[in-house]
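Novice: Data: target.cif, mmCIF, C-alpha atoms and all ligand atoms.
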```cif
data_data
loop_
_atom_site.label_atom_id
_atom_site.label_comp_id
_atom_site.auth_asym_id
_atom_site.auth_seq_id
_atom_site.Cartn_x
_atom_site.Cartn_y
_atom_site.Cartn_z
CA MET A 620 69.99 99.52 4.31
CA THR A 621 68.16 96.78 2.44
CA VAL A 622 68.51 93.43 4.13
CA VAL A 623 68.16 90.40 1.90
CA MET A 624 67.32 87.29 3.90
CA ASP A 625 69.26 84.92 1.60
CA ASP A 626 72.46 87.00 1.94
CA VAL A 627 72.16 87.05 5.72
CA VAL A 628 71.69 83.29 5.92
CA ALA A 629 74.45 82.52 3.39
CA ARG A 630 76.99 84.72 5.16
CA GLU A 631 76.13 83.36 8.61
CA SER A 632 76.27 79.76 7.48
CA GLN A 633 79.73 80.36 6.06
CA PHE A 634 81.31 82.48 8.80
CA VAL A 635 79.40 82.08 12.08
CA LEU A 636 80.18 79.08 14.29
CA GLN A 637 77.12 76.88 13.98
CA THR A 638 76.00 76.63 17.60
CA TYR A 639 72.49 78.08 17.11
CA LYS A 640 69.55 76.67 15.19
CA ARG A 641 67.79 79.86 14.15
CA ASN A 642 64.18 80.50 13.19
CA PRO A 643 63.91 81.44 9.48
CA VAL A 644 63.38 85.14 10.18
CA THR A 645 65.73 88.15 10.07
CA LEU A 646 64.59 90.79 12.54
CA VAL A 647 65.68 94.32 11.81
CA ARG A 648 63.57 96.67 13.92
CA GLY A 649 61.42 96.80 17.03
CA GLU A 650 58.89 99.10 18.66
CA GLY A 651 57.40 98.34 22.07
CA VAL A 652 56.14 94.73 22.03
CA ARG A 653 56.40 94.48 18.24
CA LEU A 654 59.27 93.28 16.06
CA PHE A 655 59.61 93.70 12.30
CA ASP A 656 61.46 91.46 9.87
CA ALA A 657 63.45 92.39 6.77
CA ASP A 658 60.28 92.25 4.65
CA GLY A 659 58.39 94.58 6.99
CA ARG A 660 56.25 91.79 8.56
CA GLU A 661 55.12 92.51 12.10
CA TYR A 662 55.40 90.07 15.03
CA PHE A 663 54.13 90.32 18.60
CA ASP A 664 57.10 89.53 20.77
CA LEU A 665 56.01 87.24 23.62
CA LEU A 666 59.59 86.16 24.34
CA SER A 667 61.57 89.44 24.68
CA GLY A 668 64.84 87.90 23.55
CA ILE A 669 64.44 85.19 26.25
CA GLY A 670 63.34 87.45 29.06
CA VAL A 671 65.70 90.34 28.34
CA THR A 672 63.97 93.31 26.72
CA ALA A 673 61.84 94.14 29.75
CA LEU A 674 61.02 97.64 28.47
CA GLY A 675 60.16 96.39 25.00
CA HIS A 676 62.06 97.44 21.89
CA ALA A 677 63.44 100.89 21.12
CA HIS A 678 62.17 102.28 24.43
CA PRO A 679 62.66 106.05 23.99
CA GLY A 680 63.92 106.68 27.55
CA LEU A 681 66.36 103.75 27.54
CA ALA A 682 67.54 104.66 24.03
CA ARG A 683 68.19 108.25 25.16
CA ALA A 684 70.09 107.14 28.27
CA VAL A 685 72.26 104.68 26.32
CA ALA A 686 72.92 107.14 23.48
CA ASP A 687 73.82 109.90 25.94
CA GLN A 688 76.19 107.57 27.78
CA ALA A 689 77.78 106.35 24.54
CA GLN A 690 78.48 109.96 23.61
CA THR A 691 79.93 110.72 27.05
CA LEU A 692 81.92 107.70 28.29
CA ILE A 693 81.32 104.00 27.72
CA HIS A 694 84.04 102.21 29.62
CA THR A 695 86.94 102.85 31.94
CA SER A 696 87.45 99.45 33.71
CA ASN A 697 87.04 98.65 37.37
CA LEU A 698 90.34 100.39 38.14
CA PHE A 699 88.37 103.65 38.52
CA TYR A 700 85.16 104.93 40.09
CA HIS A 701 82.26 106.10 37.93
CA PRO A 702 78.92 107.61 38.93
CA TYR A 703 76.54 104.76 38.02
CA GLN A 704 77.80 101.49 39.53
CA GLY A 705 77.06 102.49 43.10
CA ARG A 706 73.65 103.86 42.14
CA ALA A 707 72.65 100.67 40.33
CA ALA A 708 73.94 98.61 43.29
CA GLU A 709 71.98 100.77 45.75
CA ARG A 710 68.76 100.17 43.78
CA LEU A 711 69.38 96.44 43.72
CA ALA A 712 70.04 96.45 47.46
CA GLN A 713 66.75 98.29 48.10
CA MET A 714 64.84 95.82 45.95
CA SER A 715 66.50 92.62 47.20
CA GLY A 716 67.48 93.30 50.81
CA LEU A 717 71.00 92.06 50.01
CA PRO A 718 73.38 94.91 50.72
CA ARG A 719 76.08 94.52 48.03
CA ALA A 720 76.33 93.82 44.29
CA PHE A 721 79.10 92.47 42.07
CA PHE A 722 78.51 93.39 38.41
CA CYS A 723 79.33 91.13 35.49
CA ASN A 724 78.17 90.74 31.89
CA SER A 725 75.79 87.79 31.73
CA GLY A 726 73.70 85.34 33.70
CA THR A 727 76.25 82.58 33.68
CA GLU A 728 78.88 84.97 35.06
CA ALA A 729 76.49 85.96 37.86
CA VAL A 730 76.11 82.28 38.77
CA GLU A 731 79.90 81.72 38.57
CA ALA A 732 80.38 84.65 40.94
CA CYS A 733 77.83 83.24 43.41
CA LEU A 734 79.48 79.80 43.38
CA LYS A 735 82.91 81.35 43.93
CA PHE A 736 81.68 83.65 46.70
CA ALA A 737 80.10 80.65 48.46
CA ARG A 738 83.40 78.77 48.36
CA ARG A 739 85.23 81.92 49.47
CA TYR A 740 82.89 82.27 52.43
CA TRP A 741 83.68 78.77 53.70
CA PHE A 742 87.39 79.24 53.05
CA THR A 743 87.30 82.37 55.20
CA GLN A 744 85.53 80.43 57.96
CA GLY A 745 88.56 78.14 58.05
CA GLU A 746 86.43 75.09 57.15
CA PRO A 747 86.45 74.93 53.33
CA ARG A 748 83.31 73.32 51.90
CA ALA A 749 83.39 72.10 48.30
CA GLU A 750 79.91 70.66 47.77
CA PHE A 751 76.89 72.14 46.03
CA ILE A 752 73.32 70.92 45.82
CA ALA A 753 71.34 71.72 42.66
CA LEU A 754 67.98 70.64 41.22
CA ASP A 755 67.42 67.94 38.63
CA GLU A 756 65.64 70.25 36.17
CA SER A 757 67.98 73.20 36.63
CA PHE A 758 69.62 75.47 34.07
CA HIS A 759 72.23 77.94 35.32
CA GLY A 760 74.37 78.68 32.25
CA ARG A 761 77.09 77.33 29.99
CA THR A 762 80.42 78.14 31.63
CA PHE A 763 82.11 75.37 33.59
CA GLY A 764 80.87 76.24 37.08
CA SER A 765 77.32 77.06 35.95
CA LEU A 766 77.26 74.00 33.72
CA SER A 767 78.35 71.87 36.68
CA VAL A 768 75.16 72.85 38.54
CA THR A 769 73.01 72.47 35.38
CA SER A 770 71.41 69.05 35.19
CA ASP A 771 70.56 68.33 31.53
CA PRO A 772 73.00 65.70 30.14
CA HIS A 773 72.48 67.16 26.68
CA TYR A 774 74.33 70.32 27.81
CA ARG A 775 76.81 68.51 30.09
CA ASP A 776 77.98 65.30 28.47
CA PRO A 777 80.25 66.69 25.73
CA PHE A 778 82.15 68.75 28.30
CA GLU A 779 82.76 66.29 31.15
CA PRO A 780 84.47 66.18 33.54
CA LEU A 781 82.70 69.04 35.28
CA LEU A 782 82.87 69.90 39.00
CA PRO A 783 82.57 66.52 40.74
CA THR A 784 81.14 67.97 43.95
CA VAL A 785 77.53 68.58 42.86
CA THR A 786 74.53 66.53 44.04
CA PHE A 787 71.27 66.88 42.13
CA VAL A 788 68.02 66.44 44.00
CA LYS A 789 64.50 66.08 42.64
CA THR A 790 62.80 69.44 42.16
CA ASN A 791 60.12 70.12 44.77
CA ASP A 792 60.98 67.04 46.85
CA PRO A 793 61.61 68.43 50.35
CA ALA A 794 62.69 65.08 51.82
CA ALA A 795 65.30 64.55 49.08
CA LEU A 796 66.78 67.99 49.73
CA LEU A 797 66.90 67.52 53.50
CA ALA A 798 68.55 64.12 53.05
CA ALA A 799 71.21 65.50 50.69
CA ALA A 800 72.22 68.55 52.74
CA SER A 801 75.03 68.12 55.24
CA ASN A 802 77.72 70.14 56.98
CA LYS A 803 79.83 69.63 53.84
CA THR A 804 77.34 71.57 51.67
CA ALA A 805 78.75 74.96 50.67
CA ALA A 806 75.52 76.08 49.00
CA ILE A 807 72.14 75.04 47.64
CA ILE A 808 71.44 76.66 44.28
CA ALA A 809 67.92 76.84 42.84
CA GLU A 810 65.97 78.88 40.31
CA SER A 811 62.99 80.26 42.23
CA ILE A 812 60.91 79.43 39.15
CA ILE A 813 62.60 76.80 36.99
CA GLY A 814 62.81 78.41 33.53
CA GLU A 815 64.47 76.31 30.82
CA GLY A 816 63.27 73.21 32.70
CA GLY A 817 59.65 74.05 31.83
CA ILE A 818 58.40 77.01 33.95
CA LYS A 819 57.99 75.25 37.29
CA PRO A 820 57.68 77.40 40.41
CA LEU A 821 59.24 76.00 43.59
CA THR A 822 56.48 74.84 45.94
CA PRO A 823 56.07 76.49 49.38
CA ALA A 824 57.01 73.15 51.01
CA PHE A 825 60.23 72.97 49.01
CA ALA A 826 61.05 76.60 49.80
CA ALA A 827 60.58 75.77 53.49
CA ALA A 828 62.94 72.81 53.08
CA ILE A 829 65.62 75.10 51.61
CA GLN A 830 65.34 77.35 54.67
CA GLU A 831 65.41 74.34 57.00
CA ALA A 832 68.42 72.71 55.27
CA CYS A 833 70.37 75.98 55.42
CA ALA A 834 69.49 76.53 59.08
CA LYS A 835 70.48 72.98 60.04
CA THR A 836 73.74 72.69 58.09
CA GLY A 837 74.91 76.29 57.65
CA ALA A 838 74.74 75.83 53.85
CA LEU A 839 74.24 79.05 51.90
CA HIS A 840 71.26 79.52 49.60
CA ILE A 841 71.92 80.87 46.09
CA ALA A 842 68.70 82.02 44.40
CA ASP A 843 68.98 82.10 40.61
CA GLU A 844 66.59 84.90 39.66
CA ILE A 845 68.11 85.46 36.22
CA GLN A 846 64.91 84.56 34.38
CA CYS A 847 62.18 85.03 37.01
CA GLY A 848 63.55 88.07 38.87
CA LEU A 849 63.47 91.84 38.43
CA GLY A 850 59.73 92.35 38.27
CA ARG A 851 58.77 89.50 35.94
CA THR A 852 56.36 88.00 38.48
CA GLY A 853 55.02 91.39 39.59
CA LYS A 854 57.37 91.38 42.60
CA ALA A 855 61.03 92.41 42.56
CA PHE A 856 62.14 88.79 43.14
CA HIS A 857 60.24 85.54 43.32
CA TYR A 858 62.14 84.34 46.41
CA GLN A 859 60.29 87.12 48.24
CA THR A 860 56.94 85.55 47.30
CA LEU A 861 58.27 82.20 48.56
CA GLY A 862 59.36 83.75 51.86
CA LEU A 863 63.02 82.85 51.24
CA THR A 864 66.03 84.79 52.52
CA PRO A 865 68.91 83.80 50.18
CA HIS A 866 72.53 84.61 50.97
CA LEU A 867 73.35 85.18 47.29
CA VAL A 868 71.15 86.08 44.32
CA ALA A 869 72.08 85.85 40.63
CA VAL A 870 70.46 88.36 38.25
CA GLY A 871 70.92 89.05 34.54
CA LYS A 872 68.67 89.09 31.49
CA ALA A 873 66.21 91.97 32.13
CA LEU A 874 68.71 94.01 34.14
CA GLY A 875 70.04 96.05 31.21
CA GLY A 876 66.89 95.88 29.08
CA GLY A 877 69.06 94.40 26.29
CA VAL A 878 72.43 95.89 27.19
CA PRO A 879 74.43 92.89 28.51
CA VAL A 880 74.81 93.08 32.29
CA GLY A 881 74.44 90.67 35.18
CA ALA A 882 75.05 90.84 38.91
CA ALA A 883 75.63 88.69 41.95
CA LEU A 884 73.78 90.18 44.94
CA VAL A 885 75.55 89.37 48.16
CA GLY A 886 74.24 89.19 51.73
CA ARG A 887 76.13 90.68 54.66
CA GLN A 888 77.55 87.38 55.96
CA VAL A 889 79.18 86.50 52.62
CA ALA A 890 80.13 90.08 51.73
CA ASP A 891 82.18 90.31 54.91
CA ALA A 892 84.27 87.34 53.73
CA ILE A 893 85.23 88.88 50.36
CA LYS A 894 88.60 90.57 49.97
CA PHE A 895 90.08 92.87 47.31
CA GLY A 896 91.15 90.82 44.30
CA ASP A 897 88.96 87.78 45.07
CA HIS A 898 87.03 88.20 41.84
CA GLY A 899 86.96 90.64 38.93
CA THR A 900 86.08 91.41 35.33
CA THR A 901 87.25 93.91 32.71
CA TYR A 902 83.84 95.03 31.40
CA GLY A 903 81.55 94.14 34.31
CA GLY A 904 79.51 97.11 35.49
CA ASN A 905 80.90 99.65 33.07
CA LEU A 906 79.24 103.02 32.57
CA LEU A 907 77.07 101.97 29.63
CA ALA A 908 75.82 98.80 31.35
CA CYS A 909 75.13 100.52 34.68
CA ARG A 910 73.42 103.49 33.08
CA ALA A 911 71.08 101.10 31.26
CA ALA A 912 70.53 99.01 34.42
CA LEU A 913 69.77 102.11 36.48
CA PHE A 914 67.18 103.22 33.94
CA VAL A 915 65.50 99.79 33.93
CA LEU A 916 65.46 99.62 37.76
CA GLU A 917 63.95 103.12 37.97
CA GLU A 918 61.21 102.13 35.51
CA LEU A 919 60.43 99.04 37.58
CA THR A 920 60.20 100.86 40.89
CA ASP A 921 59.81 104.68 40.71
CA ARG A 922 57.77 104.65 37.53
CA GLY A 923 55.46 101.79 38.53
CA LEU A 924 56.28 99.07 36.00
CA MET A 925 56.31 96.30 38.61
CA THR A 926 52.80 97.22 39.72
CA GLN A 927 51.69 97.19 36.09
CA VAL A 928 53.17 93.69 35.62
CA ALA A 929 51.15 92.40 38.57
CA ARG A 930 47.94 93.82 37.03
CA VAL A 931 48.55 92.82 33.39
CA GLY A 932 49.87 89.46 34.60
CA ARG A 933 46.45 88.60 36.07
CA HIS A 934 44.79 89.42 32.75
CA PHE A 935 47.44 87.40 30.89
CA GLU A 936 46.78 84.41 33.14
CA GLU A 937 43.01 84.59 32.56
CA ARG A 938 43.56 84.60 28.81
CA LEU A 939 45.97 81.66 29.01
CA ARG A 940 43.54 79.64 31.14
CA ALA A 941 40.83 80.35 28.56
CA LEU A 942 43.16 79.06 25.83
CA ALA A 943 43.83 75.92 27.86
CA ALA A 944 40.09 75.33 28.29
CA LYS A 945 39.59 75.70 24.53
CA HIS A 946 42.53 73.58 23.31
CA PRO A 947 42.66 70.11 24.89
CA MET A 948 46.34 69.73 23.87
CA VAL A 949 47.22 72.15 26.72
CA LYS A 950 47.63 69.97 29.81
CA GLU A 951 48.75 72.60 32.28
CA VAL A 952 49.31 76.35 32.59
CA ARG A 953 52.17 77.27 34.95
CA GLY A 954 53.76 80.53 36.00
CA MET A 955 53.08 83.92 37.48
CA GLY A 956 52.98 87.57 36.40
CA LEU A 957 54.48 87.63 32.89
CA MET A 958 56.35 84.31 33.03
CA TRP A 959 54.27 81.42 31.72
CA GLY A 960 54.50 77.93 30.32
CA LEU A 961 51.80 75.98 28.49
CA ASP A 962 52.60 72.30 28.97
CA LEU A 963 51.26 70.38 25.96
CA ASP A 964 50.43 66.72 25.43
CA ARG A 965 52.95 66.78 22.55
CA GLU A 966 56.12 68.48 21.24
CA ALA A 967 55.80 72.26 21.44
CA SER A 968 57.88 73.09 18.32
CA PRO A 969 54.99 72.96 15.80
CA VAL A 970 53.08 75.51 17.90
CA VAL A 971 56.13 77.79 17.92
CA ALA A 972 56.41 77.52 14.11
CA ALA A 973 52.64 78.04 13.63
CA GLY A 974 52.87 81.10 15.90
CA LEU A 975 55.70 82.57 13.86
CA GLU A 976 53.64 82.14 10.68
CA ARG A 977 50.82 84.04 12.38
CA GLY A 978 53.03 86.82 13.69
CA VAL A 979 53.61 85.87 17.32
CA ILE A 980 56.96 84.90 18.83
CA VAL A 981 57.09 82.29 21.62
CA ASN A 982 59.53 79.44 22.18
CA ARG A 983 59.72 75.82 23.21
CA THR A 984 61.40 74.64 26.36
CA ALA A 985 61.62 71.21 28.02
CA ASP A 986 60.29 69.68 24.74
CA THR A 987 56.57 70.06 25.43
CA VAL A 988 56.32 73.54 26.94
CA VAL A 989 55.41 76.72 25.04
CA ARG A 990 57.22 79.46 26.96
CA LEU A 991 55.96 83.04 27.20
CA LEU A 992 58.16 85.83 28.58
CA PRO A 993 56.66 89.01 27.08
CA PRO A 994 58.20 92.44 27.57
CA LEU A 995 57.14 93.74 30.99
CA VAL A 996 55.57 96.80 29.33
CA ILE A 997 52.90 94.76 27.51
CA THR A 998 49.35 96.05 28.05
CA GLU A 999 46.09 94.14 28.39
CA ALA A 1000 45.04 95.08 24.84
CA GLU A 1001 48.39 94.00 23.38
CA SER A 1002 48.17 90.74 25.34
CA ASP A 1003 44.74 90.08 23.79
CA ASP A 1004 46.05 90.68 20.26
CA ALA A 1005 49.16 88.55 20.75
CA LEU A 1006 47.34 85.70 22.49
CA GLY A 1007 44.68 85.78 19.76
CA ARG A 1008 47.47 84.82 17.35
CA LEU A 1009 48.66 82.07 19.69
CA ASP A 1010 45.06 80.83 19.88
CA ALA A 1011 45.05 80.53 16.06
CA ALA A 1012 48.42 78.71 16.14
CA LEU A 1013 47.16 76.18 18.72
CA GLY A 1014 44.01 75.70 16.65
CA ALA A 1015 46.01 75.05 13.46
CA VAL A 1016 48.29 72.50 15.16
CA GLY A 1017 45.31 70.79 16.83
CA ALA A 1018 43.45 70.54 13.50
CA ALA A 1019 46.51 69.13 11.72
CA ARG A 1020 46.65 65.99 13.84
C1 LIG B 1101 67.76 80.69 35.28
C2 LIG B 1101 68.93 80.98 34.39
N1 LIG B 1101 70.16 81.02 34.90
C3 LIG B 1101 71.24 81.31 34.14
C4 LIG B 1101 71.12 81.56 32.79
C5 LIG B 1101 72.33 81.89 31.97
O1 LIG B 1101 72.29 83.23 31.54
P1 LIG B 1101 73.17 83.72 30.29
O2 LIG B 1101 72.62 83.03 29.07
O3 LIG B 1101 72.98 85.21 30.27
O4 LIG B 1101 74.58 83.33 30.57
C6 LIG B 1101 69.84 81.52 32.21
C7 LIG B 1101 69.67 81.75 30.76
O5 LIG B 1101 68.74 81.32 30.15
C8 LIG B 1101 68.72 81.23 33.02
O6 LIG B 1101 67.48 81.18 32.53
#
```
Could you show the structure in this file as structure tokens?
Specialist:
Amino acid sequence: MTVVMDDVVARESQFVLQTYKRNPVTLVRGEGVRLFDADGREYFDLLSGIGVTALGHAHPGLARAVADQAQTLIHTSNLFYHPYQGRAAERLAQMSGLPRAFFCNSGTEAVEACLKFARRYWFTQGEPRAEFIALDESFHGRTFGSLSVTSDPHYRDPFEPLLPTVTFVKTNDPAALLAAASNKTAAIIAESIIGEGGIKPLTPAFAAAIQEACAKTGALHIADEIQCGLGRTGKAFHYQTLGLTPHLVAVGKALGGGVPVGAALVGRQVADAIKFGDHGTTYGGNLLACRAALFVLEELTDRGLMTQVARVGRHFEERLRALAAKHPMVKEVRGMGLMWGLDLDREASPVVAAGLERGVIVNRTADTVVRLLPPLVITEAESDDALGRLDAALGAVGAAR
């Protein structure tokens, strides 16, 4: 099929609801860490569809598993058993230490499920608690519950009123968190590394304050690991690095390697409070989604991908720090493993555009941050090639001032 860029753009601008401002590129094919546009131009993908395509593009094993499942049975609903949901849940339990999983279709649904399960827990205790604490730079998704614990007014304002029972505290301010938590707090929700808010890891002191606030008030801790979890930092979950023991964990993005699937991981205490019919979804955890998730989880653990991320991540970091030393516009390099932000002294968009022109895909977040979330399969040599292009993009933007 020949794809003509003008036709694609014209048709979309007529028929697709205009909620997305797209880059001027039509991508038609991928292979590993590379993407190709309709004219055959190659791009290094340092974004993986916003942290999703963990195994890169057109991974032969994942493609085989998905194709085989599509030819066998895609969906039956949660009215019936199938062979893969329990296996995917078992893997997640082994990786997270939380014994049960509820499958859904996206990150925001995983967060919704966690918020509902927290409320359900307190209802079961016979002392309903309505309040949530969230962080002032948080992003948890676009549905009403997730949006209610997302701080950015740009996302919130057009949709008010949202849940009125949310208190936002300053990220990484332990005293503010301890002051806000009370025996009315149902749960504290936090991304273990703030993603959309600019790639900001929680500090050890703040992590300790989460543990302390939960211990003092009984509040549950919901760790949002949708962007930073599932091997991206070289560990299964970043809360493990922080020494946290969340009661609920939201996962999504990388879980299906591109097949939409999310999950709420549930600790024993909360799981015991959940009854048949408390929550549900038509698609969530169907055969196709769970087969893909199982394959991704096996790659991460049995086939050593997480260990590779830890190794390549160190190389990636060295290269990024060298870029920062070379380009004074880079004020700070933040992140871990294969999740990084370059905080600039200016708007990041021109660097993103200059990167695209030079065949490397990154994106802008929190205005001044160039975000990098490469596929977890990226090698040292591929990192060098891709970051060489980013180096050129930073140079071009620096020279243009
Ligand atoms: C930390 C975090 N939570 C939740 C979400 C929402 O996920 P989704 O877009 O799949 O609904 C995102 C998406 O960017 C995210 O980064």
Novice: Would you pick out the contacts of region 946-950 of chain A at 12 Å or less, using only C-alpha atoms, so that residues sharing its chain but fewer than 6 positions from it are not included, and give the list as a ChimeraX atom specification?
Specialist: /A:939-940,960-967,970,987-989,1009-1018,1020
Novice: Please identify every polymer residue within 7 Å of ligand LIG 1101 (chain B), using all atoms listed in the file, and present the set as a list in words.
Specialist: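 After applying the 7 Å limit, what remains is Ile669, Ser725, Gly726, Thr727, Glu728, Val730, Phe758, His759, Gly760, Arg761, Glu810, Ile813, Gly814, Glu815, Asp843, Glu844, Ile845, Gln846, Gly871 and Lys872 of chain A.
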Novice: If we count all atoms listed in the file, what is near Met925 (chain A) at a cut-off of 12 Å, once residues fewer than 3 positions away on the same chain are taken out, given as number ranges by chain?
Specialist: A: 673-674, 714, 848-856, 915-922, 928-932, 956-957, 994-997
Novice: For Arg1008 (chain A), which residue out of A:Gly896, A:Val785, A:Asp664, A:His773 is the nearest one, using all atoms listed in the file?
Specialist: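 Looking at the shortest contact to Arg1008 (chain A), the residue is A:Asp664.
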Novice: For Thr695 (chain A), please output as a list in words all residues within 10 Å (counting all atoms listed in the file; exclusion window: fewer than 5 positions along the same chain).
Specialist: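 Within the cut-off, the hits are Tyr700, His701, Thr901, Tyr902, Asn905 and Leu906 of chain A.
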Novice: Could you tell me how far CA of Glu650 (chain A) sits from CA of Arg938 (chain A), in Å to one decimal place?
Specialist: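 Between these atoms lies a distance of 23.4 Å.
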Novice: So how many Å separate CA of Val889 (chain A) and CA of Glu731 (chain A), to one decimal?
Specialist: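 A separation of 14.9 Å between them.
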Novice: I'd like to know which of A:Gly904, A:His678, A:Cys733, A:Thr790 is closest to Ser765 (chain A), using all atoms listed in the file.
Specialist: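 Nearest candidate to Ser765 (chain A) out of A:Gly904, A:His678, A:Cys733, A:Thr790: A:Cys733.
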Novice: CA of Arg739 (chain A) and CA of Gly899 (chain A) are how many Å apart?
Specialist: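 Atom-to-atom, CA of Arg739 (chain A) and CA of Gly899 (chain A) are spaced 13.8 Å apart.
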Novice: In terms of the shortest atom-to-atom distance over all atoms listed in the file, which of A:Ser757, A:Thr836, A:Gln888, A:Thr762 is closest to Pro820 (chain A)?
Specialist: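 Ranked by minimum distance to Pro820 (chain A), first place goes to A:Ser757.
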Novice: Identify, on the basis of only C-alpha atoms, every residue whose closest approach to His898 (chain A) does not exceed 12 Å; exclude the query and any residue fewer than 3 positions from it along the same chain; express the result as a PyMOL selection string.
Specialist: chain A and resi 697+721-723+728-729+731-736+739+883+893-895+901+903
Novice: How about saving the chosen residues, C-alpha atoms kept, as a PDB file, in the frame of the given file?
Specialist:
```
ATOM      1  CA  ASN A 697      87.040  98.650  37.370  1.00  0.00           C
ATOM      2  CA  PHE A 721      79.100  92.470  42.070  1.00  0.00           C
ATOM      3  CA  PHE A 722      78.510  93.390  38.410  1.00  0.00           C
ATOM      4  CA  CYS A 723      79.330  91.130  35.490  1.00  0.00           C
ATOM      5  CA  GLU A 728      78.880  84.970  35.060  1.00  0.00           C
ATOM      6  CA  ALA A 729      76.490  85.960  37.860  1.00  0.00           C
ATOM      7  CA  GLU A 731      79.900  81.720  38.570  1.00  0.00           C
ATOM      8  CA  ALA A 732      80.380  84.650  40.940  1.00  0.00           C
ATOM      9  CA  CYS A 733      77.830  83.240  43.410  1.00  0.00           C
ATOM     10  CA  LEU A 734      79.480  79.800  43.380  1.00  0.00           C
ATOM     11  CA  LYS A 735      82.910  81.350  43.930  1.00  0.00           C
ATOM     12  CA  PHE A 736      81.680  83.650  46.700  1.00  0.00           C
ATOM     13  CA  ARG A 739      85.230  81.920  49.470  1.00  0.00           C
ATOM     14  CA  ALA A 883      75.630  88.690  41.950  1.00  0.00           C
ATOM     15  CA  ILE A 893      85.230  88.880  50.360  1.00  0.00           C
ATOM     16  CA  LYS A 894      88.600  90.570  49.970  1.00  0.00           C
ATOM     17  CA  PHE A 895      90.080  92.870  47.310  1.00  0.00           C
ATOM     18  CA  THR A 901      87.250  93.910  32.710  1.00  0.00           C
ATOM     19  CA  GLY A 903      81.550  94.140  34.310  1.00  0.00           C
TER      20      GLY A 903
END
```
Novice: Pick the closest to His694 (chain A) from A:Ala712, A:Ile812, A:Ala908, A:Leu991: which is it, counting all atoms listed in the file?
Specialist: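 Closest to His694 (chain A) of all the choices is A:Ala908.
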Novice: For each of A:Ala809, A:Ala798, A:Gly764, A:Pro702, take the minimum atom-to-atom distance to Ala832 (chain A), counting all atoms listed in the file, then give the residue where this is smallest.
Specialist: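 Ranked by minimum distance to Ala832 (chain A), first place goes to A:Ala798.
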Novice: Report as a list in words all protein, DNA and RNA residues lying within 8 Å of Leu754 (chain A), evaluated on only C-alpha atoms, omitting residues in the same chain fewer than 2 positions from it.
Specialist: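 Counting only C-alpha atoms, the residues come to Ile752, Glu756, Ser757, Val768, Thr769, Ser770, Phe787, Val788, Lys789, Thr790, Ile808 and Ala809 of chain A.
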Novice: Go through A:Trp741, A:Phe935, A:Phe763, A:Tyr858 and flag the residue nearest Ala805 (chain A), using all atoms listed in the file for the distances.
Specialist: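 Of A:Trp741, A:Phe935, A:Phe763, A:Tyr858, the one nearest Ala805 (chain A) is A:Trp741, counting all atoms listed in the file.
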Novice: Taking all atoms of region 797-806 of chain A that the file lists and extending 8 Å past them on each side, where is the centre of the axis-aligned box and how long are its edges? Answer in Å to one decimal, as lines of an AutoDock Vina configuration file.
Specialist:
```
center_x = 73.4
center_y = 70.1
center_z = 53.0
size_x = 28.9
size_y = 28.0
size_z = 24.0
```
Novice: Given the point (76.2, 69.7, 56.2) in the coordinates of this file, which residues lie within 8 Å, counting all atoms listed in the file, and how would they look as an MDAnalysis selection string?
Specialist: chainID A and resid 800:804 835:838
